Amino acid sequence: MTTRSADTGPDPLIEGRDDLIGVFVKGEKPKDRWRIGTEHEKFVYWTDGSHRAPSYEEKGGIHALLIGMTKFGWEPVYEGENIIALSGPDGAISLEPAGQFELSGAPLDNLHETCAETGRHLAQVKEIGDKLGIGFLGLGFWPDKTRAELPIMPKGRYEIMLRHMPRVGSLGLDMMLRTCTIQTNLDYSSEADMVKKFRVSLALQPLATALFANSPFTEGKPNGYLSYRSHIWTDTDPHRTGMLPFVFEDGFGYERYTDYMLNVPMYFAFRNGGYVDASGLDFRDFLAGKLPVLPGETPRVADWVDHLSTAFPEVRLKSYLEMRGADGGPWNKICALPAFWVGLLYDDQALDAAWDEIKHWTIEDHNRIREQVPRLGLATQGPRGRNFQELGKRILDIAHAGLAARNRLNAAGDNETGFLDPLREIVASGKVPAQRLLDLYEGEWAGDLSRIYADMSF
């Protein structure tokens, strides 16, 4: 999630609707400037056998981990007296609410650079983790922790969200405290390009969820889902989650997404180095200077950018598009997710081919698929009776062709298509990562879920 540590100074006031839409317009880039941003989270635990999640303040805990990372040139970012993030040439490191450790990678030209960045980051956290007795787990949901067993990080926006979540859904606290994800952020060249990419990626987000499904356990036992993380979003907050049917309607564009975001209730406003609780209030009142918690004030552009980060649909628009459907997972899955989306969205022929696959889907199809995927994975039935395993093979062929056409080569002369190999293995077998974990649980592990720490740690 976005980290703010200070007011933005001369950030301009919003004077009208054009300033809201302007955030999206300013995101437009020519194709030669399109970049790839990759975010990935991992669970942090003590390696002393307890597998307990370390708190921020305890000796050798999350604060010590952040301090340790400064060895590699990362600069601390403060909120009050607390270090709550780091910044550096590889992007930003931040903390999710219960200490999940996230790298928001720098915008990079190609997948070779992306995977190298991931490798550097994981090598760094493992080096510091080994000194502190801390390990890192690559899953989509804590397999054995209750909410009560997890610490809370000292970030003001999380205090507000933790109070608000139970008012609007039964699983919002699980989203905050017990999930991890991999995310890819991609560019667009125009409003029309954004619309096409948004529609294709939103329609195929459930396929990504299936391919990366990696959260089949809750509090030590199978939970009946392959991606419980994905299921959690169905009862987090109906005002800010879901498939967004309007994206597939005629006339969708920056204006319509602006209307959607104006209908999303606020969480907060950032003032004087801290967060003002505005949960449930209306951003339109803020625009009119009638926000009860900031009477007479009107928002700045940074307030709107903050607000854009508080909606959680399967695909999110800021000044770029965020792909949000994947569970956290091991190293090769971190590199595979951007490969999947770059292959589909960054080549015109691939994008057209992907659109041809999904353009006939109805809103009912989208909603049914989104509902079934967390339980069924690749066994989900798409339109016309085709299951997602068959769809996955066709879509991966399209992504492969898109990556081959990009022809971004590494020093050995390899293009980017090899990063899709883990996903090709999944669709060939029909077994998503969660099913392999369940096989281990019922077989080799003999019901001992503590074995997951050895098998799924970085």
# chains A, B, ... in the order shown; residues from 1 in each chain; ligands from 1

$ closest_atom_pairs --of "stretch 285-337 of chain A" --to "stretch 92-114 of chain A" --cutoff "10 Å" --atoms "only C-alpha atoms" --output "Markdown table"
| residue | atom | partner | partner_atom | distance |
| --- | --- | --- | --- | --- |
| A:Ile334 | CA | A:Thr114 | CA | 9.2 |
| A:Cys335 | CA | A:Thr114 | CA | 7.1 |
| A:Ala336 | CA | A:Leu111 | CA | 9.1 |

$ write_last_selection --atoms "C-alpha atoms" --output "PDB file, in the first residue's frame"
ATOM      1  CA  ILE A 334       7.268 -13.508  -8.858  1.00  0.00           C
ATOM      2  CA  CYS A 335       8.967 -13.384 -12.255  1.00  0.00           C
ATOM      3  CA  ALA A 336       6.133 -15.251 -14.001  1.00  0.00           C
TER       4      ALA A 336
END

$ residues_around --residues "stretch 58-61 of chain A" --least-positions-apart "4" --cutoff "8 Å" --atoms "only C-alpha atoms" --output "PyMOL selection string"
chain A and resi 54+65+132-133

$ closest_residue --among "A:Leu86, A:Leu244, A:Leu351, A:Ile160" --to "A:Gly73" --atoms "only C-alpha atoms"
A:Leu86

$ residues_around --residues "stretch 170-183 of chain A" --least-positions-apart "3" --cutoff "8 Å" --atoms "only C-alpha atoms" --output "PyMOL selection string"
chain A and resi 38-43+96-98+100+139-142+145+147+150+162+165-166+229+232-233+235-237+322-329+334+337-338

$ residues_around --residues "A:Ile67" --least-positions-apart "6" --cutoff "10 Å" --atoms "only C-alpha atoms" --output "PyMOL selection string"
chain A and resi 60+74-76+83+86+128

$ residues_around --residues "A:Pro313" --least-positions-apart "2" --cutoff "9 Å" --atoms "only C-alpha atoms" --output "list of chain:residue names"
A:Trp233, A:Arg240, A:Thr241, A:Gly242, A:Met243, A:Leu244, A:Ala311, A:Val315, A:Arg316, A:Arg324

$ write_last_selection --atoms "C-alpha atoms" --output "mmCIF file, in the first residue's frame"
data_model
loop_
_atom_site.group_PDB
_atom_site.id
_atom_site.type_symbol
_atom_site.label_atom_id
_atom_site.label_comp_id
_atom_site.auth_asym_id
_atom_site.auth_seq_id
_atom_site.Cartn_x
_atom_site.Cartn_y
_atom_site.Cartn_z
ATOM 1 C CA TRP A 233 -11.994 -9.940 -1.310
ATOM 2 C CA ARG A 240 -14.303 -0.753 -3.131
ATOM 3 C CA THR A 241 -13.893 -4.320 -4.434
ATOM 4 C CA GLY A 242 -15.199 -6.525 -7.220
ATOM 5 C CA MET A 243 -15.142 -6.983 -10.990
ATOM 6 C CA LEU A 244 -16.454 -3.502 -12.011
ATOM 7 C CA ALA A 311 -10.118 1.061 -3.789
ATOM 8 C CA VAL A 315 -7.592 -4.214 -11.682
ATOM 9 C CA ARG A 316 -6.940 -0.696 -10.410
ATOM 10 C CA ARG A 324 -4.108 -7.460 -8.450
#

$ select_by_dssp --residues "stretch 2-137 of chain A" --states "helix (DSSP H, G or I)" --output "PyMOL selection string"
chain A and resi 17-25+31-33+62-72+111-132

$ atom_distance --atom1 "atom CA of A:Phe419" --atom2 "atom CA of A:Pro383"
28.2 Å

$ select_by_dssp --residues "stretch 180-423 of chain A" --states "strand (DSSP E or B)" --output "ChimeraX atom specification"
/A:181-186,215,217-218,221-222,227,268-271,274-277,300,315-317,321-327,381,387

$ write_last_selection --atoms "C-alpha atoms" --output "PDB file, in the first residue's frame"
ATOM      1  CA  THR A 181       0.173 -10.966  -3.092  1.00  0.00           C
ATOM      2  CA  ILE A 182       2.257 -10.466  -6.207  1.00  0.00           C
ATOM      3  CA  GLN A 183       1.237  -7.497  -8.354  1.00  0.00           C
ATOM      4  CA  THR A 184       2.243  -6.110 -11.732  1.00  0.00           C
ATOM      5  CA  ASN A 185       1.929  -2.434 -12.735  1.00  0.00           C
ATOM      6  CA  LEU A 186       1.837  -1.532 -16.424  1.00  0.00           C
ATOM      7  CA  SER A 215      -3.571 -20.240  -0.131  1.00  0.00           C
ATOM      8  CA  PHE A 217      -4.866 -23.446   4.548  1.00  0.00           C
ATOM      9  CA  THR A 218      -6.388 -21.459   7.404  1.00  0.00           C
ATOM     10  CA  LYS A 221      -6.126 -26.919   8.230  1.00  0.00           C
ATOM     11  CA  PRO A 222      -7.368 -27.009   4.625  1.00  0.00           C
ATOM     12  CA  SER A 227      -7.036 -19.205  -3.282  1.00  0.00           C
ATOM     13  CA  PHE A 268      -8.303   9.274   5.485  1.00  0.00           C
ATOM     14  CA  ALA A 269      -6.577  12.497   4.583  1.00  0.00           C
ATOM     15  CA  PHE A 270      -2.897  13.108   5.266  1.00  0.00           C
ATOM     16  CA  ARG A 271      -2.170  16.339   7.126  1.00  0.00           C
ATOM     17  CA  GLY A 274      -0.292  12.210  10.203  1.00  0.00           C
ATOM     18  CA  TYR A 275      -3.550  10.660   9.088  1.00  0.00           C
ATOM     19  CA  VAL A 276      -6.944  12.243   9.715  1.00  0.00           C
ATOM     20  CA  ASP A 277      -9.697   9.649  10.038  1.00  0.00           C
ATOM     21  CA  ARG A 300      -4.930  18.648  -3.296  1.00  0.00           C
ATOM     22  CA  VAL A 315      -7.592  -4.214 -11.682  1.00  0.00           C
ATOM     23  CA  ARG A 316      -6.940  -0.696 -10.410  1.00  0.00           C
ATOM     24  CA  LEU A 317      -6.297   2.494 -12.359  1.00  0.00           C
ATOM     25  CA  LEU A 321      -2.824  -0.137 -14.400  1.00  0.00           C
ATOM     26  CA  GLU A 322      -2.350  -2.533 -11.490  1.00  0.00           C
ATOM     27  CA  MET A 323      -2.925  -6.283 -11.874  1.00  0.00           C
ATOM     28  CA  ARG A 324      -4.108  -7.460  -8.450  1.00  0.00           C
ATOM     29  CA  GLY A 325      -5.356 -11.048  -8.775  1.00  0.00           C
ATOM     30  CA  ALA A 326      -2.388 -13.226  -7.764  1.00  0.00           C
ATOM     31  CA  ASP A 327      -1.470 -14.933  -4.495  1.00  0.00           C
ATOM     32  CA  GLN A 381     -15.825 -23.464 -16.494  1.00  0.00           C
ATOM     33  CA  ASN A 387     -12.538 -24.989 -18.618  1.00  0.00           C
TER      34      ASN A 387
END

$ residues_around --residues "A:Leu345" --least-positions-apart "5" --cutoff "12 Å" --atoms "only C-alpha atoms" --output "tab-separated table (two decimals) with C-alpha atoms, in the first residue's frame"
chain	number	residue	atom	x	y	z
A	31	LYS	CA	5.21	2.73	-26.20
A	34	TRP	CA	6.31	1.69	-21.17
A	35	ARG	CA	7.80	0.10	-18.09
A	36	ILE	CA	7.16	-2.87	-15.79
A	184	THR	CA	2.24	-6.11	-11.73
A	185	ASN	CA	1.93	-2.43	-12.74
A	186	LEU	CA	1.84	-1.53	-16.42
A	187	ASP	CA	1.54	1.57	-18.62
A	188	TYR	CA	-0.85	2.71	-21.34
A	189	SER	CA	-0.45	5.13	-24.25
A	193	ASP	CA	-5.32	1.86	-24.94
A	194	MET	CA	-6.09	1.99	-21.23
A	195	VAL	CA	-9.68	0.86	-21.86
A	196	LYS	CA	-8.66	-2.15	-23.93
A	197	LYS	CA	-5.96	-3.20	-21.46
A	198	PHE	CA	-8.33	-2.72	-18.52
A	199	ARG	CA	-11.02	-4.88	-20.13
A	200	VAL	CA	-8.66	-7.69	-21.13
A	201	SER	CA	-6.84	-7.76	-17.80
A	202	LEU	CA	-10.03	-7.54	-15.74
A	204	LEU	CA	-8.50	-12.57	-17.36
A	321	LEU	CA	-2.82	-0.14	-14.40
A	323	MET	CA	-2.92	-6.28	-11.87
A	338	PRO	CA	4.77	-9.77	-15.00
A	339	ALA	CA	5.71	-12.10	-17.86
A	340	PHE	CA	2.06	-13.18	-18.15
A	350	ALA	CA	-1.26	-10.25	-28.47
A	351	LEU	CA	-3.65	-7.72	-26.95
A	352	ASP	CA	-6.00	-8.10	-29.92
A	353	ALA	CA	-5.83	-11.89	-29.67
A	354	ALA	CA	-6.55	-11.81	-25.94
A	355	TRP	CA	-9.49	-9.48	-26.55
A	395	ILE	CA	-3.76	-17.44	-23.27
A	398	ILE	CA	-0.72	-15.58	-26.81
A	399	ALA	CA	1.49	-14.25	-24.00
A	400	HIS	CA	4.42	-16.25	-25.36
A	401	ALA	CA	3.96	-14.75	-28.81
A	402	GLY	CA	3.73	-11.26	-27.29
A	403	LEU	CA	6.98	-11.70	-25.39
A	405	ALA	CA	7.63	-10.16	-30.48
A	406	ARG	CA	9.09	-7.77	-27.89
